[in-house]
file query20.pdb (PDB, C-alpha atoms and all ligand atoms)
ATOM      1  CA  MET X  23      19.080  -7.650  -6.562
ATOM      2  CA  LYS X  24      18.099  -4.007  -7.161
ATOM      3  CA  THR X  25      19.000  -1.539  -4.440
ATOM      4  CA  ARG X  26      17.658   1.902  -3.569
ATOM      5  CA  SER X  27      18.732   4.677  -1.291
ATOM      6  CA  PHE X  28      16.959   4.001   2.009
ATOM      7  CA  GLY X  29      15.401   7.369   2.679
ATOM      8  CA  ALA X  30      17.684   9.990   4.090
ATOM      9  CA  SER X  31      19.988   7.324   5.535
ATOM     10  CA  GLY X  32      21.569   7.440   2.082
ATOM     11  CA  VAL X  33      22.448   3.742   2.380
ATOM     12  CA  GLU X  34      21.813   1.546  -0.661
ATOM     13  CA  VAL X  35      19.445  -1.187   0.531
ATOM     14  CA  PRO X  36      18.030  -4.138  -1.451
ATOM     15  CA  ILE X  37      14.398  -3.667  -2.450
ATOM     16  CA  ILE X  38      13.561  -7.147  -1.113
ATOM     17  CA  GLY X  39      14.526  -7.845   2.482
ATOM     18  CA  GLN X  40      13.493 -10.415   5.067
ATOM     19  CA  GLY X  41      10.860 -10.193   7.794
ATOM     20  CA  THR X  42      11.195 -12.247  10.961
ATOM     21  CA  TRP X  43       7.876 -12.083  12.841
ATOM     22  CA  GLU X  44       6.897 -15.446  14.389
ATOM     23  CA  MET X  45      10.152 -17.096  13.343
ATOM     24  CA  GLU X  46      10.970 -18.301  16.844
ATOM     25  CA  GLY X  47       8.855 -21.460  16.445
ATOM     26  CA  ASP X  48      11.094 -22.947  13.763
ATOM     27  CA  ARG X  49      14.566 -21.841  14.782
ATOM     28  CA  ARG X  50      16.710 -24.174  12.674
ATOM     29  CA  ASN X  51      14.850 -23.594   9.409
ATOM     30  CA  ALA X  52      14.555 -19.870  10.130
ATOM     31  CA  VAL X  53      18.321 -19.504  10.538
ATOM     32  CA  ALA X  54      18.940 -21.467   7.320
ATOM     33  CA  ALA X  55      16.387 -19.385   5.423
ATOM     34  CA  LEU X  56      17.810 -16.083   6.662
ATOM     35  CA  ARG X  57      21.328 -17.162   5.705
ATOM     36  CA  ARG X  58      20.172 -18.189   2.228
ATOM     37  CA  GLY X  59      18.436 -14.836   1.884
ATOM     38  CA  ILE X  60      21.642 -13.001   2.745
ATOM     39  CA  ASP X  61      23.473 -15.091   0.118
ATOM     40  CA  LEU X  62      20.883 -13.923  -2.427
ATOM     41  CA  GLY X  63      21.221 -10.264  -1.498
ATOM     42  CA  MET X  64      18.191  -9.962   0.813
ATOM     43  CA  THR X  65      20.365  -8.316   3.396
ATOM     44  CA  HIS X  66      17.743  -5.992   4.889
ATOM     45  CA  ILE X  67      16.651  -7.943   7.977
ATOM     46  CA  ASP X  68      13.671  -6.620   9.896
ATOM     47  CA  THR X  69      12.968  -7.549  13.488
ATOM     48  CA  ALA X  70      11.557  -6.120  16.732
ATOM     49  CA  GLU X  71      12.001  -6.525  20.453
ATOM     50  CA  MET X  72       8.383  -7.748  20.427
ATOM     51  CA  TYR X  73       9.005 -10.775  18.192
ATOM     52  CA  GLY X  74       9.057 -13.875  20.354
ATOM     53  CA  SER X  75       9.722 -11.516  23.308
ATOM     54  CA  GLY X  76      13.349 -11.147  22.176
ATOM     55  CA  ARG X  77      13.835 -14.746  21.000
ATOM     56  CA  VAL X  78      13.782 -13.718  17.347
ATOM     57  CA  GLU X  79      16.571 -11.176  17.873
ATOM     58  CA  LYS X  80      18.673 -13.971  19.416
ATOM     59  CA  LEU X  81      17.948 -16.210  16.442
ATOM     60  CA  ILE X  82      19.047 -13.443  14.079
ATOM     61  CA  ALA X  83      22.323 -13.115  15.985
ATOM     62  CA  GLU X  84      22.971 -16.756  15.052
ATOM     63  CA  ALA X  85      21.957 -16.222  11.403
ATOM     64  CA  ILE X  86      24.237 -13.192  10.904
ATOM     65  CA  GLU X  87      27.205 -14.436  12.922
ATOM     66  CA  GLY X  88      30.376 -13.457  11.040
ATOM     67  CA  ARG X  89      28.318 -11.516   8.466
ATOM     68  CA  ARG X  90      27.229  -8.433  10.376
ATOM     69  CA  ASP X  91      28.762  -6.014   7.864
ATOM     70  CA  GLU X  92      26.751  -7.548   5.006
ATOM     71  CA  VAL X  93      23.441  -6.863   6.722
ATOM     72  CA  PHE X  94      21.159  -3.810   7.026
ATOM     73  CA  LEU X  95      19.734  -4.646  10.431
ATOM     74  CA  VAL X  96      16.534  -3.009  11.668
ATOM     75  CA  SER X  97      14.748  -3.459  14.982
ATOM     76  CA  LYS X  98      11.836  -1.724  16.689
ATOM     77  CA  VAL X  99      10.991  -0.367  20.087
ATOM     78  CA  LEU X 100       7.582  -1.147  21.555
ATOM     79  CA  PRO X 101       5.420   1.924  22.228
ATOM     80  CA  THR X 102       5.218   0.894  25.896
ATOM     81  CA  ASN X 103       9.023   1.241  26.115
ATOM     82  CA  ALA X 104       9.300   4.364  23.974
ATOM     83  CA  SER X 105       9.922   6.965  26.687
ATOM     84  CA  ARG X 106      13.072   9.139  26.616
ATOM     85  CA  GLU X 107      15.009   6.700  28.838
ATOM     86  CA  GLY X 108      13.064   3.542  27.951
ATOM     87  CA  THR X 109      13.909   3.781  24.248
ATOM     88  CA  VAL X 110      17.630   3.922  24.993
ATOM     89  CA  ARG X 111      17.414   0.940  27.360
ATOM     90  CA  ALA X 112      15.285  -1.063  24.906
ATOM     91  CA  CYS X 113      17.813  -0.432  22.124
ATOM     92  CA  GLU X 114      20.684  -1.560  24.334
ATOM     93  CA  ARG X 115      18.799  -4.794  25.163
ATOM     94  CA  SER X 116      18.187  -5.399  21.435
ATOM     95  CA  LEU X 117      21.876  -4.834  20.680
ATOM     96  CA  ARG X 118      22.838  -7.416  23.321
ATOM     97  CA  ARG X 119      20.398 -10.007  21.978
ATOM     98  CA  LEU X 120      21.533  -9.344  18.407
ATOM     99  CA  LYS X 121      25.192  -9.529  19.494
ATOM    100  CA  THR X 122      26.063  -6.332  17.661
ATOM    101  CA  ASP X 123      27.198  -2.841  18.564
ATOM    102  CA  ARG X 124      24.847  -0.945  16.230
ATOM    103  CA  LEU X 125      21.565  -1.101  14.360
ATOM    104  CA  ASP X 126      21.248   0.237  10.828
ATOM    105  CA  GLY X 127      17.689   1.304  11.550
ATOM    106  CA  TYR X 128      15.624   1.617  14.714
ATOM    107  CA  LEU X 129      11.875   2.185  14.465
ATOM    108  CA  LEU X 130       9.010   3.118  16.737
ATOM    109  CA  HIS X 131       6.771   0.063  16.209
ATOM    110  CA  TRP X 132       3.601   2.153  16.388
ATOM    111  CA  GLU X 133       2.674   5.342  18.153
ATOM    112  CA  GLY X 134       1.686   4.932  21.786
ATOM    113  CA  SER X 135       1.140   7.249  24.725
ATOM    114  CA  TYR X 136       4.680   8.599  25.200
ATOM    115  CA  PRO X 137       5.211  11.983  23.499
ATOM    116  CA  LEU X 138       6.773  11.514  20.083
ATOM    117  CA  GLU X 139       9.286  14.249  21.006
ATOM    118  CA  ASP X 140      10.708  12.014  23.742
ATOM    119  CA  THR X 141      11.136   9.008  21.472
ATOM    120  CA  VAL X 142      12.741  11.187  18.794
ATOM    121  CA  ALA X 143      15.125  12.707  21.363
ATOM    122  CA  ALA X 144      16.140   9.175  22.412
ATOM    123  CA  PHE X 145      16.638   8.154  18.767
ATOM    124  CA  GLU X 146      18.874  11.187  18.211
ATOM    125  CA  GLN X 147      20.900  10.339  21.328
ATOM    126  CA  LEU X 148      21.336   6.745  20.114
ATOM    127  CA  ARG X 149      22.430   8.025  16.727
ATOM    128  CA  ALA X 150      24.935  10.437  18.256
ATOM    129  CA  GLU X 151      26.354   7.552  20.316
ATOM    130  CA  GLY X 152      26.716   5.377  17.202
ATOM    131  CA  LYS X 153      24.276   2.747  18.482
ATOM    132  CA  ILE X 154      21.923   3.333  15.566
ATOM    133  CA  ARG X 155      22.722   4.592  12.077
ATOM    134  CA  SER X 156      19.216   5.858  11.292
ATOM    135  CA  TRP X 157      15.725   5.841  12.772
ATOM    136  CA  GLY X 158      12.190   5.741  11.502
ATOM    137  CA  VAL X 159       8.619   4.917  12.356
ATOM    138  CA  SER X 160       6.039   2.266  11.627
ATOM    139  CA  ASN X 161       2.279   2.290  11.165
ATOM    140  CA  PHE X 162       2.240   6.085  10.749
ATOM    141  CA  ASP X 163      -0.460   7.533   8.504
ATOM    142  CA  GLU X 164       0.084  10.714   6.506
ATOM    143  CA  ARG X 165      -0.956  13.022   9.368
ATOM    144  CA  ALA X 166       1.403  11.280  11.783
ATOM    145  CA  MET X 167       4.169  11.489   9.187
ATOM    146  CA  GLN X 168       3.572  15.227   8.865
ATOM    147  CA  ARG X 169       3.940  15.534  12.655
ATOM    148  CA  VAL X 170       7.198  13.608  12.827
ATOM    149  CA  VAL X 171       8.627  15.524   9.861
ATOM    150  CA  ALA X 172       7.634  18.838  11.488
ATOM    151  CA  LEU X 173       9.305  17.692  14.699
ATOM    152  CA  ALA X 174      12.534  16.239  13.370
ATOM    153  CA  GLY X 175      12.875  17.380   9.750
ATOM    154  CA  ALA X 176      12.426  14.987   6.829
ATOM    155  CA  PRO X 177      16.156  14.170   6.498
ATOM    156  CA  SER X 178      16.089  12.667   9.996
ATOM    157  CA  VAL X 179      13.318  10.157   9.257
ATOM    158  CA  ALA X 180      14.605   7.144   7.322
ATOM    159  CA  CYS X 181      11.357   5.238   6.774
ATOM    160  CA  ASP X 182       7.739   4.510   7.512
ATOM    161  CA  GLN X 183       7.096   0.761   7.728
ATOM    162  CA  VAL X 184       3.467   0.081   6.836
ATOM    163  CA  CYS X 185       1.070  -2.734   6.020
ATOM    164  CA  TYR X 186       1.087  -2.953   2.230
ATOM    165  CA  HIS X 187       0.172  -5.861   0.020
ATOM    166  CA  ILE X 188      -1.592  -6.334  -3.269
ATOM    167  CA  ARG X 189      -5.001  -6.651  -1.587
ATOM    168  CA  GLU X 190      -4.355  -3.830   0.883
ATOM    169  CA  ARG X 191      -3.318  -0.679  -0.918
ATOM    170  CA  ALA X 192      -4.503   1.933   1.591
ATOM    171  CA  VAL X 193      -1.068   3.591   1.733
ATOM    172  CA  GLU X 194      -0.998   4.356  -1.986
ATOM    173  CA  PRO X 195      -3.092   7.567  -2.202
ATOM    174  CA  ASP X 196      -1.456   9.544   0.634
ATOM    175  CA  VAL X 197       1.319   7.897   2.612
ATOM    176  CA  ILE X 198       3.501   6.762  -0.277
ATOM    177  CA  PRO X 199       3.342  10.081  -2.224
ATOM    178  CA  PHE X 200       4.046  12.072   0.951
ATOM    179  CA  CYS X 201       7.051   9.915   1.844
ATOM    180  CA  ARG X 202       8.375   9.852  -1.721
ATOM    181  CA  GLU X 203       8.298  13.664  -1.854
ATOM    182  CA  GLN X 204      10.052  13.917   1.508
ATOM    183  CA  GLY X 205      12.719  11.359   0.568
ATOM    184  CA  ILE X 206      11.477   8.881   3.197
ATOM    185  CA  ALA X 207      11.526   5.154   2.419
ATOM    186  CA  ILE X 208       8.344   3.090   2.568
ATOM    187  CA  VAL X 209       8.832  -0.450   3.856
ATOM    188  CA  ALA X 210       5.971  -2.788   2.939
ATOM    189  CA  TYR X 211       5.315  -5.182   5.817
ATOM    190  CA  SER X 212       3.122  -8.267   5.467
ATOM    191  CA  PRO X 213       3.653  -8.045   1.685
ATOM    192  CA  PHE X 214       1.860 -11.399   1.284
ATOM    193  CA  GLY X 215      -0.999 -10.415   3.589
ATOM    194  CA  SER X 216       0.699 -12.331   6.397
ATOM    195  CA  GLY X 217       0.041 -15.614   4.626
ATOM    196  CA  SER X 218      -3.415 -14.884   3.158
ATOM    197  CA  PHE X 219      -2.156 -14.771  -0.412
ATOM    198  CA  PRO X 220      -4.660 -14.628  -3.312
ATOM    199  CA  SER X 221      -5.674 -18.203  -4.132
ATOM    200  CA  PRO X 222      -4.878 -19.567  -7.608
ATOM    201  CA  GLY X 223      -8.598 -19.984  -8.361
ATOM    202  CA  SER X 224      -9.480 -16.319  -7.816
ATOM    203  CA  PRO X 225      -9.318 -13.761 -10.681
ATOM    204  CA  GLY X 226      -6.458 -11.971  -8.932
ATOM    205  CA  GLY X 227      -4.646 -15.231  -8.265
ATOM    206  CA  GLN X 228      -5.024 -16.137 -11.936
ATOM    207  CA  ALA X 229      -3.557 -12.794 -13.061
ATOM    208  CA  LEU X 230      -0.574 -13.280 -10.752
ATOM    209  CA  ALA X 231      -0.123 -16.861 -12.001
ATOM    210  CA  ASP X 232      -0.297 -15.816 -15.680
ATOM    211  CA  ILE X 233       2.283 -13.051 -15.272
ATOM    212  CA  ALA X 234       4.455 -15.353 -13.174
ATOM    213  CA  ALA X 235       4.375 -18.082 -15.844
ATOM    214  CA  ALA X 236       5.284 -15.582 -18.565
ATOM    215  CA  ARG X 237       8.182 -14.252 -16.491
ATOM    216  CA  GLY X 238       9.491 -17.554 -15.141
ATOM    217  CA  ALA X 239       8.895 -16.275 -11.604
ATOM    218  CA  SER X 240       6.465 -17.243  -8.824
ATOM    219  CA  PRO X 241       3.171 -15.433  -8.141
ATOM    220  CA  HIS X 242       4.703 -14.317  -4.828
ATOM    221  CA  ALA X 243       7.625 -12.690  -6.652
ATOM    222  CA  VAL X 244       5.219 -10.932  -9.027
ATOM    223  CA  ALA X 245       3.243  -9.577  -6.055
ATOM    224  CA  LEU X 246       6.459  -8.200  -4.519
ATOM    225  CA  ALA X 247       7.447  -6.615  -7.838
ATOM    226  CA  PHE X 248       4.027  -4.938  -7.990
ATOM    227  CA  LEU X 249       4.610  -3.298  -4.578
ATOM    228  CA  CYS X 250       8.166  -2.249  -5.444
ATOM    229  CA  ARG X 251       7.120  -0.600  -8.725
ATOM    230  CA  ASP X 252       7.258   2.714  -6.819
ATOM    231  CA  GLU X 253      10.769   4.053  -6.374
ATOM    232  CA  ALA X 254      10.156   4.725  -2.649
ATOM    233  CA  VAL X 255       9.124   1.166  -1.731
ATOM    234  CA  PHE X 256      11.028  -1.752  -0.172
ATOM    235  CA  ALA X 257       9.392  -5.054   0.892
ATOM    236  CA  ILE X 258      10.209  -7.440   3.733
ATOM    237  CA  PRO X 259       8.537 -10.825   3.120
ATOM    238  CA  LYS X 260       8.943 -13.377   5.896
ATOM    239  CA  SER X 261       9.840 -16.954   5.118
ATOM    240  CA  ALA X 262      11.362 -19.722   7.173
ATOM    241  CA  ARG X 263      11.796 -21.895   4.069
ATOM    242  CA  VAL X 264      14.832 -21.814   1.807
ATOM    243  CA  ASP X 265      12.775 -22.581  -1.334
ATOM    244  CA  HIS X 266      10.378 -19.710  -0.594
ATOM    245  CA  VAL X 267      13.271 -17.324   0.074
ATOM    246  CA  GLU X 268      14.743 -18.279  -3.299
ATOM    247  CA  GLU X 269      11.411 -17.531  -4.995
ATOM    248  CA  ASN X 270      11.080 -14.204  -3.229
ATOM    249  CA  ALA X 271      14.614 -13.092  -4.122
ATOM    250  CA  VAL X 272      13.685 -13.244  -7.819
ATOM    251  CA  ALA X 273      11.514 -10.147  -7.259
ATOM    252  CA  GLY X 274      14.674  -8.174  -6.656
ATOM    253  CA  ASP X 275      15.362  -8.244 -10.404
ATOM    254  CA  LEU X 276      11.801  -8.226 -11.708
ATOM    255  CA  SER X 277      10.380  -5.017 -13.196
ATOM    256  CA  LEU X 278       6.762  -5.329 -14.323
ATOM    257  CA  ASP X 279       5.783  -3.547 -17.521
ATOM    258  CA  HIS X 280       2.897  -1.136 -17.968
ATOM    259  CA  ASP X 281       0.421  -3.814 -19.166
ATOM    260  CA  GLU X 282       1.255  -6.199 -16.322
ATOM    261  CA  ILE X 283       0.787  -3.432 -13.758
ATOM    262  CA  ALA X 284      -2.501  -2.374 -15.384
ATOM    263  CA  ARG X 285      -3.813  -5.946 -15.279
ATOM    264  CA  LEU X 286      -2.976  -6.341 -11.584
ATOM    265  CA  ASP X 287      -4.373  -2.883 -10.817
ATOM    266  CA  ALA X 288      -7.684  -3.918 -12.387
ATOM    267  CA  VAL X 289      -8.070  -7.170 -10.426
ATOM    268  CA  PHE X 290      -6.747  -5.769  -7.136
ATOM    269  CA  PRO X 291      -8.441  -2.334  -7.069
ATOM    270  CA  LEU X 292      -7.374   0.340  -4.620
ATOM    271  CA  GLY X 293     -10.699   0.334  -2.780
ATOM    272  CA  PRO X 294     -12.362   3.214  -0.954
ATOM    273  CA  LYS X 295     -10.234   5.735   0.928
ATOM    274  CA  ARG X 296      -9.662   4.638   4.547
ATOM    275  CA  ARG X 297      -9.737   6.912   7.585
ATOM    276  CA  THR X 298      -7.154   4.839   9.437
ATOM    277  CA  LEU X 299      -4.328   2.700   8.191
ATOM    278  CA  PRO X 300      -4.665  -1.077   8.475
ATOM    279  CA  MET X 301      -2.379  -2.783  10.990
ATOM    280  CA  ILE X 302      -1.518  -6.438  11.246
TER     281      ILE X 302
HETATM  282  P1  LIG X 401       4.157 -11.996   5.012
HETATM  283  O1  LIG X 401       5.589 -11.797   4.710
HETATM  284  O2  LIG X 401       3.128 -11.197   4.334
HETATM  285  O3  LIG X 401       3.775 -13.526   4.807
HETATM  286  C1  LIG X 401       4.469 -14.552   5.470
HETATM  287  C2  LIG X 401       3.811 -15.856   5.088
HETATM  288  O4  LIG X 401       3.981 -16.111   3.691
HETATM  289  C3  LIG X 401       4.379 -17.029   5.836
HETATM  290  O5  LIG X 401       3.307 -17.914   6.127
HETATM  291  C4  LIG X 401       5.344 -17.650   4.823
HETATM  292  O6  LIG X 401       5.450 -19.021   5.047
HETATM  293  C5  LIG X 401       4.622 -17.376   3.538
HETATM  294  N1  LIG X 401       5.517 -17.268   2.380
HETATM  295  C6  LIG X 401       6.632 -16.517   2.269
HETATM  296  N2  LIG X 401       7.181 -16.664   1.048
HETATM  297  C7  LIG X 401       6.389 -17.526   0.372
HETATM  298  C8  LIG X 401       6.441 -18.074  -0.938
HETATM  299  N3  LIG X 401       7.389 -17.744  -1.818
HETATM  300  N4  LIG X 401       5.459 -18.975  -1.299
HETATM  301  C9  LIG X 401       4.482 -19.297  -0.435
HETATM  302  N5  LIG X 401       4.377 -18.804   0.826
HETATM  303  C10 LIG X 401       5.330 -17.915   1.220
HETATM  304  O7  LIG X 401       3.887 -11.871   6.586
HETATM  305  P2  LIG X 401       4.424 -11.076   7.841
HETATM  306  O8  LIG X 401       5.376 -11.920   8.582
HETATM  307  O9  LIG X 401       3.195 -10.558   8.529
HETATM  308  O10 LIG X 401       5.156  -9.769   7.264
HETATM  309  C11 LIG X 401       6.522  -9.739   6.896
HETATM  310  C12 LIG X 401       7.356  -9.015   7.929
HETATM  311  O11 LIG X 401       6.921  -7.674   8.120
HETATM  312  C13 LIG X 401       7.262  -9.603   9.344
HETATM  313  O12 LIG X 401       7.884 -10.840   9.443
HETATM  314  C14 LIG X 401       7.835  -8.483  10.150
HETATM  315  O13 LIG X 401       9.243  -8.478  10.068
HETATM  316  C15 LIG X 401       7.208  -7.275   9.459
HETATM  317  N6  LIG X 401       5.950  -6.829  10.111
HETATM  318  C16 LIG X 401       5.941  -5.589  10.699
HETATM  319  C17 LIG X 401       4.779  -5.135  11.325
HETATM  320  C18 LIG X 401       4.778  -3.779  11.961
HETATM  321  O14 LIG X 401       3.820  -3.458  12.709
HETATM  322  N7  LIG X 401       5.779  -2.960  11.720
HETATM  323  C19 LIG X 401       3.613  -5.922  11.336
HETATM  324  C20 LIG X 401       3.651  -7.157  10.706
HETATM  325  C21 LIG X 401       4.822  -7.590  10.074
HETATM  326  P3  LIG X 401       6.902 -19.786   5.133
HETATM  327  O15 LIG X 401       7.627 -19.190   6.300
HETATM  328  O16 LIG X 401       6.510 -21.209   5.302
HETATM  329  O17 LIG X 401       7.569 -19.508   3.819
END

call {"tool": "encode", "arguments": {"input": "query20.pdb", "output": "structure tokens", "more": "lines below"}}
Ligand code: NAP
result
Amino acid sequence: MKTRSFGASGVEVPIIGQGTWEMEGDRRNAVAALRRGIDLGMTHIDTAEMYGSGRVEKLIAEAIEGRRDEVFLVSKVLPTNASREGTVRACERSLRRLKTDRLDGYLLHWEGSYPLEDTVAAFEQLRAEGKIRSWGVSNFDERAMQRVVALAGAPSVACDQVCYHIRERAVEPDVIPFCREQGIAIVAYSPFGSGSFPSPGSPGGQALADIAAARGASPHAVALAFLCRDEAVFAIPKSARVDHVEENAVAGDLSLDHDEIARLDAVFPLGPKRRTLPMI
């Protein structure tokens, strides 16, 4: 499993992690899948207070029991809680549900109506108290990233977690280059389009299948490797199935060559420039 420095946090983090949205419906399999993922080096676990209204954080506590030090654990504060005081309280609730004393990353889930300055001040307080190791943002476009960097300084912002999959490449022209230059990690959420993966019969699906067959990997692993071709990018696929987790982990050691990238680029074109970032 390849690792990269996770933005200014300076921590080496595996390029393929594990998402946890909507895992609460299948608790037993979700815990088994997360544990298998940790075994395979997918130790970056992404969650949020929003997921299952806290039930997913509790499930993760079970999955990482006895293994907390192996895991790079990230949670997110809801914009409706992201006031100066509310952020601190929300983090403390997440820590209790996760049965841990610190988060490795804590993100603003998306920008809401509280001033960004207040959320950042709360993040810095949490960091000073040792309750979080680093903080970042999610669903921020380039302009919003410029604002947070101007406010806090690039070394303070660990990551921007954004919607990025092979059929949704809106972050490539602006957000990824900006973050790469600033030393901020990009975390690709919904890297399989939240389950709407290119079908095998489509031209794109065929290209993924051909490359996968040649590499002895799955089309899903090839799609993850395509996203992680940029040195700033990490991906957090969600799976509650051990066999899928095993397939996805293969992407951690898969580097696509120039021709493979060019073929995928041709069948999954960038598309027109978007005014706003997509959000799932
Ligand atoms: P995703 O990872 O794009 O796709 C998940 C779907 O793909 C599930 O249906 C899963 O089913 C399936 N899948 C996974 N591996 C597979 C494989 N090898 N073969 C076939 N199917 C496979 O969806 P996501 O949950 O939207 O995104 C991932 C994570 O990003 C989330 O869980 C969450 O942590 C984060 N996220 C963040 C935001 C944000 O606003 N910051 C928004 C959305 C998501 P099985 O479980 O059956 O394998």

call {"tool": "residues_around", "arguments": {"input": "query20.pdb", "residues": "stretch 56-66 of chain X", "least_positions_apart": "2", "cutoff": "10 Å", "atoms": "all atoms listed in the file", "output": "mmCIF file with C-alpha atoms, in the coordinates of the input"}}
result
data_model
loop_
_atom_site.group_PDB
_atom_site.id
_atom_site.type_symbol
_atom_site.label_atom_id
_atom_site.label_comp_id
_atom_site.auth_asym_id
_atom_site.auth_seq_id
_atom_site.Cartn_x
_atom_site.Cartn_y
_atom_site.Cartn_z
ATOM 1 C CA MET X 23 19.080 -7.650 -6.562
ATOM 2 C CA LYS X 24 18.099 -4.007 -7.161
ATOM 3 C CA THR X 25 19.000 -1.539 -4.440
ATOM 4 C CA VAL X 35 19.445 -1.187 0.531
ATOM 5 C CA PRO X 36 18.030 -4.138 -1.451
ATOM 6 C CA ILE X 37 14.398 -3.667 -2.450
ATOM 7 C CA ILE X 38 13.561 -7.147 -1.113
ATOM 8 C CA GLY X 39 14.526 -7.845 2.482
ATOM 9 C CA GLN X 40 13.493 -10.415 5.067
ATOM 10 C CA GLY X 41 10.860 -10.193 7.794
ATOM 11 C CA THR X 42 11.195 -12.247 10.961
ATOM 12 C CA ASN X 51 14.850 -23.594 9.409
ATOM 13 C CA ALA X 52 14.555 -19.870 10.130
ATOM 14 C CA VAL X 53 18.321 -19.504 10.538
ATOM 15 C CA ALA X 54 18.940 -21.467 7.320
ATOM 16 C CA ASP X 68 13.671 -6.620 9.896
ATOM 17 C CA THR X 69 12.968 -7.549 13.488
ATOM 18 C CA LEU X 81 17.948 -16.210 16.442
ATOM 19 C CA ILE X 82 19.047 -13.443 14.079
ATOM 20 C CA GLU X 84 22.971 -16.756 15.052
ATOM 21 C CA ALA X 85 21.957 -16.222 11.403
ATOM 22 C CA ILE X 86 24.237 -13.192 10.904
ATOM 23 C CA GLU X 87 27.205 -14.436 12.922
ATOM 24 C CA ARG X 89 28.318 -11.516 8.466
ATOM 25 C CA ARG X 90 27.229 -8.433 10.376
ATOM 26 C CA ASP X 91 28.762 -6.014 7.864
ATOM 27 C CA GLU X 92 26.751 -7.548 5.006
ATOM 28 C CA VAL X 93 23.441 -6.863 6.722
ATOM 29 C CA PHE X 94 21.159 -3.810 7.026
ATOM 30 C CA LEU X 95 19.734 -4.646 10.431
ATOM 31 C CA VAL X 96 16.534 -3.009 11.668
ATOM 32 C CA ASP X 126 21.248 0.237 10.828
ATOM 33 C CA GLY X 127 17.689 1.304 11.550
ATOM 34 C CA PHE X 256 11.028 -1.752 -0.172
ATOM 35 C CA ALA X 257 9.392 -5.054 0.892
ATOM 36 C CA ILE X 258 10.209 -7.440 3.733
ATOM 37 C CA PRO X 259 8.537 -10.825 3.120
ATOM 38 C CA LYS X 260 8.943 -13.377 5.896
ATOM 39 C CA SER X 261 9.840 -16.954 5.118
ATOM 40 C CA ALA X 262 11.362 -19.722 7.173
ATOM 41 C CA ARG X 263 11.796 -21.895 4.069
ATOM 42 C CA VAL X 264 14.832 -21.814 1.807
ATOM 43 C CA ASP X 265 12.775 -22.581 -1.334
ATOM 44 C CA HIS X 266 10.378 -19.710 -0.594
ATOM 45 C CA VAL X 267 13.271 -17.324 0.074
ATOM 46 C CA GLU X 268 14.743 -18.279 -3.299
ATOM 47 C CA ASN X 270 11.080 -14.204 -3.229
ATOM 48 C CA ALA X 271 14.614 -13.092 -4.122
ATOM 49 C CA VAL X 272 13.685 -13.244 -7.819
ATOM 50 C CA GLY X 274 14.674 -8.174 -6.656
#

call {"tool": "atom_distance", "arguments": {"input": "query20.pdb", "atom1": "atom CA of X:Ser277", "atom2": "atom CA of X:Ser156"}}
result
28.2 Å

call {"tool": "axis_aligned_box", "arguments": {"input": "query20.pdb", "around": "stretch 80-97 of chain X", "padding_each_side": "8 Å", "output": "JSON"}}
result
{"center_x": 22.6, "center_y": -9.9, "center_z": 12.2, "size_x": 31.6, "size_y": 29.7, "size_z": 30.4}

call {"tool": "residues_around", "arguments": {"input": "query20.pdb", "residues": "X:Gly134", "least_positions_apart": "3", "cutoff": "10 Å", "atoms": "only C-alpha atoms", "output": "VMD selection string"}}
result
chain X and resid 100 to 105 130 to 131 137 to 138

call {"tool": "resolve_selection", "arguments": {"input": "query20.pdb", "expression": "the PyMOL selection byres (((chain X and resi 286-299) around 12) and not hetatm)", "output": "NGL selection string"}}
result
:X and (132 or 160-166 or 183-197 or 220 or 224-234 or 241 or 244-249 or 251 or 278-285 or 300-302)

call {"tool": "atom_distance", "arguments": {"input": "query20.pdb", "atom1": "atom CA of X:Gly29", "atom2": "atom CA of X:Val170"}}
result
14.5 Å

call {"tool": "closest_residue", "arguments": {"input": "query20.pdb", "among": "X:Arg149, X:Lys121, X:Lys98, X:Arg169", "to": "ligand LIG 401 (chain X)", "atoms": "only C-alpha atoms and all ligand atoms"}}
result
X:Lys98

call {"tool": "atom_distance", "arguments": {"input": "query20.pdb", "atom1": "atom O2 of ligand LIG 401 (chain X)", "atom2": "atom CA of X:Arg119"}}
result
24.7 Å

call {"tool": "resolve_selection", "arguments": {"input": "query20.pdb", "expression": "the PyMOL selection byres (((chain X and resi 70) around 7) and not hetatm)", "output": "JSON, numbers by chain"}}
result
{"X": [69, 71, 72, 73, 97, 98, 99]}

call {"tool": "build_atoms", "arguments": {"input": "query20.pdb", "residues": "stretch 159-163 of chain X", "atoms": "N, CA, C and O atoms", "output": "compact mmCIF listing (two decimals), in the frame of the given file"}}
result
# COMPACT_ATOMS: atom_id res chain seq x y z
N VAL X 159 9.87 5.21 11.66
CA VAL X 159 8.62 4.92 12.36
C VAL X 159 7.91 3.79 11.63
O VAL X 159 8.32 3.37 10.55
N SER X 160 6.83 3.33 12.23
CA SER X 160 6.04 2.27 11.63
C SER X 160 4.58 2.50 11.95
O SER X 160 4.24 3.01 13.03
N ASN X 161 3.74 2.14 11.00
CA ASN X 161 2.28 2.29 11.16
C ASN X 161 1.85 3.75 11.33
O ASN X 161 0.86 4.03 12.01
N PHE X 162 2.60 4.66 10.72
CA PHE X 162 2.24 6.08 10.75
C PHE X 162 1.45 6.42 9.49
O PHE X 162 1.91 6.15 8.38
N ASP X 163 0.28 7.06 9.67
CA ASP X 163 -0.46 7.53 8.50
C ASP X 163 0.11 8.88 8.06
O ASP X 163 1.08 9.38 8.65
